[in-house]
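Report on one structure; see the data block that follows.
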Amino acid sequence: MKLEFPEDFLWGSATASYQVEGATDEGGRKPSIWDVFCSEENRVANGDTGEIAADQYHRYAEDIVIMRELGLQAYRFSIAWPRIIPEGVGEVNEEGVTYYRNLMLALRKAGIKVVATLYHWDLPYSLELRGGWRSRDTVEAFRTYARVCVERFNDLVDQWITINEPWCISYLSHLIGEHAPGHQSLEETVKVIHHINLAHGMALAECRTQEIRKPVGISWNLFVPRNATRRSEDMEAARKSLIRESRVFTDPVLHGTYPSELGWQFPIEPGDMDIISQPMDFIGVNYYQETVLAADMQQESGYRVVPTWQPTTSQNWAINQYGLYRVLEWIAKEAPGIPLYITENGCASDDVIDPDGRVHDRDRIEYLIKHLEVVKQAIEDGIPLKGYYQWSFIDNFEWAWGYEKRFGIVYCDYKSLQRIIKDSGYFMRDIISGFCEY
Ligand code: IFM
């Protein structure tokens, strides 16, 4: 088999600031909600923290050499708000600005496109003390932070991504409680959903103020769930979940309204929906696993996730590449004509360094092949897919899972911080160069 893609298809890899940078108390950075969450008991596996992570703050030059070796055309990373405005509001930290300008300059010099995410979860802790994303003040603070980023970096950025995975910032962090700040309240979640949607719109408006406009989008982790059986209640469960967990983000941004059947009181103020629904240049889709649902009236949501027969990754995430196709097909219909990028896709596996000094991560390659076959099919079927970012460039701090789960195509030895390109890295190199036979 040969996996071939259009010449102008963009190939990249992605990371996020707290997951790779380390240097949490260097360069004028102040704590984020994740620094504090990690210090609390039983929040993160093994008490791991992002203090050192993959140390990219000090080693980005070395990483860019590897990116070049693999032929990566774009690097998607996030800017840490606590490095730019350490207290969330107020003074701009010039050292932080310099750090990201240097990173961007080095990427450009290497011929790698700069794809910057404004928010990938590291909220300055001082804002959390004032209500975090539950408070509208944080949205205003985000608007100012976005303005600073756009003013300081727009000349070096190729694409902006406003927010990464609103679902995680709201549901996972404020309802399920698995991510910082670890709350479990539906009332809070409803507020956070609206504030995050609004923050996206405000950041987008800031990007539009520049004379040279760089493309702007958002990265959504959308769920287009499968019903466990054909019983009408299970079909209804899947429909409900689509509304509650995907449409609640996509409807306001794409159509300017919230799904009415939720019956939730979002803290909407006059003008909000216009800000949220300004046209975007592209949509980012993050996809890892599919969810299969059955009706369950014991749950507040009315449904629950049920086991599947699919093979799973080392995180027990069900591998079904057709789930990715369903997501792409659904969002392409919802947003006709808007270019799509897969801004994250990849898997955790139990990688080890073999006696030959290499990492033979065959299971990751198989995962990637399956998903790239679907990407190819989607393009052939006319879905306007323009690029693919594999998650992740390098092993990193996997949030509540700490360092137990490795997602990289580059192995990071967390003791020596040595990098080793995994077999999946060479696989991606061959895909990108247009020569991948298997
Ligand atoms: O590591 C995360 C990333 O930060 C956001 N998307 C999912 C990845 C894997 O869990």
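To be explicit about the labels: the chains of the structure tokens are called A, B, and onward in the order shown, and within each one the residues are counted from 1, while ligands get numbers from 1 in the order they are shown.
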
- Message: Need the shell around range 396-406 of chain A: protein/DNA/RNA residues with any atom at most 6 Å away, counting only C-alpha atoms. Skip same-chain ones fewer than 6 positions apart. Format as a list in words?
- Response: Gln19, Val20, Val44, Ala45, Asp48, Ala53, Ala54, Ala348 and Ser349 of chain A

Selected residues written out, C-alpha atoms, as a PDB file, in the first residue's frame:
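So again.pdb came out as:
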```
ATOM      1  CA  GLN A  19       3.321  19.998  28.627  1.00  0.00           C
ATOM      2  CA  VAL A  20       6.775  20.557  27.144  1.00  0.00           C
ATOM      3  CA  VAL A  44      -1.854  13.948  38.962  1.00  0.00           C
ATOM      4  CA  ALA A  45      -0.413  10.427  38.685  1.00  0.00           C
ATOM      5  CA  ASP A  48       4.197  14.573  38.544  1.00  0.00           C
ATOM      6  CA  ALA A  53       8.709  18.435  31.385  1.00  0.00           C
ATOM      7  CA  ALA A  54      10.675  17.994  28.144  1.00  0.00           C
ATOM      8  CA  ALA A 348      -0.198   6.968  23.903  1.00  0.00           C
ATOM      9  CA  SER A 349       1.772   3.767  23.887  1.00  0.00           C
TER      10      SER A 349
END
```

Which residues of range 278-379 of chain A have any atom within 10 Å of an atom in range 193-214 of chain A when counting only C-alpha atoms, and what is the closest pair of atoms for each, with the distance in Å to one decimal? Order the rows by chain and rising number and write it as a Markdown table.
```
| residue | atom | partner | partner_atom | distance |
| --- | --- | --- | --- | --- |
| A:Gln278 | CA | A:Gly201 | CA | 6.7 |
| A:Pro279 | CA | A:Leu204 | CA | 8.9 |
| A:Met280 | CA | A:Leu204 | CA | 7.7 |
| A:Asp281 | CA | A:Lys214 | CA | 9.0 |
```

Which residues are close to range 243-258 of chain A, i.e. within 6 Å by only C-alpha atoms, leaving aside same-chain residues fewer than 5 positions away? Reply as an mmCIF file with N, CA and C atoms, in the first residue's frame.
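That gives us around_25.cif:
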```cif
data_model
loop_
_atom_site.group_PDB
_atom_site.id
_atom_site.type_symbol
_atom_site.label_atom_id
_atom_site.label_comp_id
_atom_site.auth_asym_id
_atom_site.auth_seq_id
_atom_site.Cartn_x
_atom_site.Cartn_y
_atom_site.Cartn_z
ATOM 1 N N LEU A 222 -14.272 17.381 19.030
ATOM 2 C CA LEU A 222 -15.707 17.148 18.834
ATOM 3 C C LEU A 222 -16.056 15.683 19.055
ATOM 4 N N PHE A 223 -17.231 15.477 19.567
ATOM 5 C CA PHE A 223 -17.717 14.109 19.754
ATOM 6 C C PHE A 223 -18.909 13.904 18.837
ATOM 7 N N MET A 273 -23.270 37.190 21.168
ATOM 8 C CA MET A 273 -23.391 36.167 20.129
ATOM 9 C C MET A 273 -22.777 36.644 18.811
ATOM 10 N N ILE A 276 -19.057 36.094 19.223
ATOM 11 C CA ILE A 276 -18.710 34.671 19.152
ATOM 12 C C ILE A 276 -18.776 34.143 17.718
ATOM 13 N N SER A 277 -19.713 34.674 16.945
ATOM 14 C CA SER A 277 -19.971 34.036 15.640
ATOM 15 C C SER A 277 -19.294 34.730 14.455
#
```

- Task: If you run DSSP over the backbone, which residues in range 279-408 of chain A end up strand (DSSP E)? Put them as a PyMOL selection string.
- Result: chain A and resi 282-287+292-295+303-305+340-345+385-391

- Once you count only C-alpha atoms and all ligand atoms, which residues end up within 7 Å of ligand 1, and could you hand them over as a PyMOL selection string? chain A and resi 16+165+286+344+391+398-399

With all heavy atoms retained, export the selected residues as a PDB file, in the first residue's frame.
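Result went into selection.pdb, see below:
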```pdb
ATOM      1  N   ALA A  16       2.010  21.658  23.648  1.00  0.00           N
ATOM      2  CA  ALA A  16       1.438  22.783  24.392  1.00  0.00           C
ATOM      3  C   ALA A  16       2.429  23.210  25.478  1.00  0.00           C
ATOM      4  O   ALA A  16       3.176  22.373  26.002  1.00  0.00           O
ATOM      5  CB  ALA A  16       0.124  22.373  25.039  1.00  0.00           C
ATOM      6  N   GLU A 165      -9.496  23.018  22.599  1.00  0.00           N
ATOM      7  CA  GLU A 165     -10.437  22.087  23.223  1.00  0.00           C
ATOM      8  C   GLU A 165     -11.301  22.708  24.322  1.00  0.00           C
ATOM      9  O   GLU A 165     -11.143  22.401  25.520  1.00  0.00           O
ATOM     10  CB  GLU A 165      -9.693  20.853  23.746  1.00  0.00           C
ATOM     11  CG  GLU A 165      -9.022  20.078  22.625  1.00  0.00           C
ATOM     12  CD  GLU A 165      -8.267  18.828  23.095  1.00  0.00           C
ATOM     13  OE1 GLU A 165      -8.194  18.597  24.303  1.00  0.00           O
ATOM     14  OE2 GLU A 165      -7.769  18.096  22.233  1.00  0.00           O
ATOM     15  N   ASN A 286      -9.486  18.047  16.745  1.00  0.00           N
ATOM     16  CA  ASN A 286      -8.603  17.143  17.485  1.00  0.00           C
ATOM     17  C   ASN A 286      -9.347  15.833  17.672  1.00  0.00           C
ATOM     18  O   ASN A 286     -10.483  15.828  18.169  1.00  0.00           O
ATOM     19  CB  ASN A 286      -8.260  17.721  18.864  1.00  0.00           C
ATOM     20  CG  ASN A 286      -7.444  19.005  18.768  1.00  0.00           C
ATOM     21  OD1 ASN A 286      -7.090  19.445  17.678  1.00  0.00           O
ATOM     22  ND2 ASN A 286      -7.137  19.600  19.909  1.00  0.00           N
ATOM     23  N   GLU A 344      -4.853  17.854  16.034  1.00  0.00           N
ATOM     24  CA  GLU A 344      -4.245  16.841  16.908  1.00  0.00           C
ATOM     25  C   GLU A 344      -4.777  15.469  16.530  1.00  0.00           C
ATOM     26  O   GLU A 344      -5.992  15.301  16.338  1.00  0.00           O
ATOM     27  CB  GLU A 344      -4.596  17.069  18.391  1.00  0.00           C
ATOM     28  CG  GLU A 344      -3.891  18.232  19.032  1.00  0.00           C
ATOM     29  CD  GLU A 344      -4.230  18.378  20.515  1.00  0.00           C
ATOM     30  OE1 GLU A 344      -4.574  17.363  21.164  1.00  0.00           O
ATOM     31  OE2 GLU A 344      -4.149  19.506  21.015  1.00  0.00           O
ATOM     32  N   TRP A 391      -0.132  14.561  17.146  1.00  0.00           N
ATOM     33  CA  TRP A 391       0.126  14.835  18.561  1.00  0.00           C
ATOM     34  C   TRP A 391       0.839  13.636  19.134  1.00  0.00           C
ATOM     35  O   TRP A 391       0.282  12.555  19.114  1.00  0.00           O
ATOM     36  CB  TRP A 391      -1.179  15.059  19.346  1.00  0.00           C
ATOM     37  CG  TRP A 391      -0.880  15.373  20.799  1.00  0.00           C
ATOM     38  CD1 TRP A 391      -0.677  14.474  21.807  1.00  0.00           C
ATOM     39  CD2 TRP A 391      -0.695  16.682  21.370  1.00  0.00           C
ATOM     40  NE1 TRP A 391      -0.385  15.123  22.977  1.00  0.00           N
ATOM     41  CE2 TRP A 391      -0.376  16.477  22.735  1.00  0.00           C
ATOM     42  CE3 TRP A 391      -0.746  17.978  20.883  1.00  0.00           C
ATOM     43  CZ2 TRP A 391      -0.135  17.543  23.597  1.00  0.00           C
ATOM     44  CZ3 TRP A 391      -0.509  19.023  21.743  1.00  0.00           C
ATOM     45  CH2 TRP A 391      -0.199  18.797  23.093  1.00  0.00           C
ATOM     46  N   GLU A 398       1.405  14.535  30.357  1.00  0.00           N
ATOM     47  CA  GLU A 398       0.054  14.251  29.860  1.00  0.00           C
ATOM     48  C   GLU A 398      -0.977  14.532  30.967  1.00  0.00           C
ATOM     49  O   GLU A 398      -1.682  13.661  31.442  1.00  0.00           O
ATOM     50  CB  GLU A 398       0.007  12.815  29.314  1.00  0.00           C
ATOM     51  CG  GLU A 398      -1.330  12.274  28.844  1.00  0.00           C
ATOM     52  CD  GLU A 398      -2.081  13.135  27.810  1.00  0.00           C
ATOM     53  OE1 GLU A 398      -1.493  14.030  27.183  1.00  0.00           O
ATOM     54  OE2 GLU A 398      -3.280  12.879  27.664  1.00  0.00           O
ATOM     55  N   TRP A 399      -1.000  15.771  31.420  1.00  0.00           N
ATOM     56  CA  TRP A 399      -2.002  16.264  32.371  1.00  0.00           C
ATOM     57  C   TRP A 399      -2.193  15.306  33.556  1.00  0.00           C
ATOM     58  O   TRP A 399      -1.198  14.934  34.158  1.00  0.00           O
ATOM     59  CB  TRP A 399      -3.308  16.565  31.620  1.00  0.00           C
ATOM     60  CG  TRP A 399      -3.062  17.465  30.433  1.00  0.00           C
ATOM     61  CD1 TRP A 399      -3.186  17.133  29.112  1.00  0.00           C
ATOM     62  CD2 TRP A 399      -2.613  18.845  30.438  1.00  0.00           C
ATOM     63  NE1 TRP A 399      -2.846  18.211  28.309  1.00  0.00           N
ATOM     64  CE2 TRP A 399      -2.493  19.278  29.088  1.00  0.00           C
ATOM     65  CE3 TRP A 399      -2.304  19.759  31.431  1.00  0.00           C
ATOM     66  CZ2 TRP A 399      -2.073  20.564  28.727  1.00  0.00           C
ATOM     67  CZ3 TRP A 399      -1.889  21.052  31.073  1.00  0.00           C
ATOM     68  CH2 TRP A 399      -1.788  21.432  29.744  1.00  0.00           C
TER      69      TRP A 399
END
```

- Message: I need the residue nearest Leu293 in chain A from this list: A:Asp413, A:Glu40, A:Glu269, A:Glu236. Use only C-alpha atoms for the distance.
- Response: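 That would be A:Glu236, the residue with the smallest distance to Leu293 in chain A.
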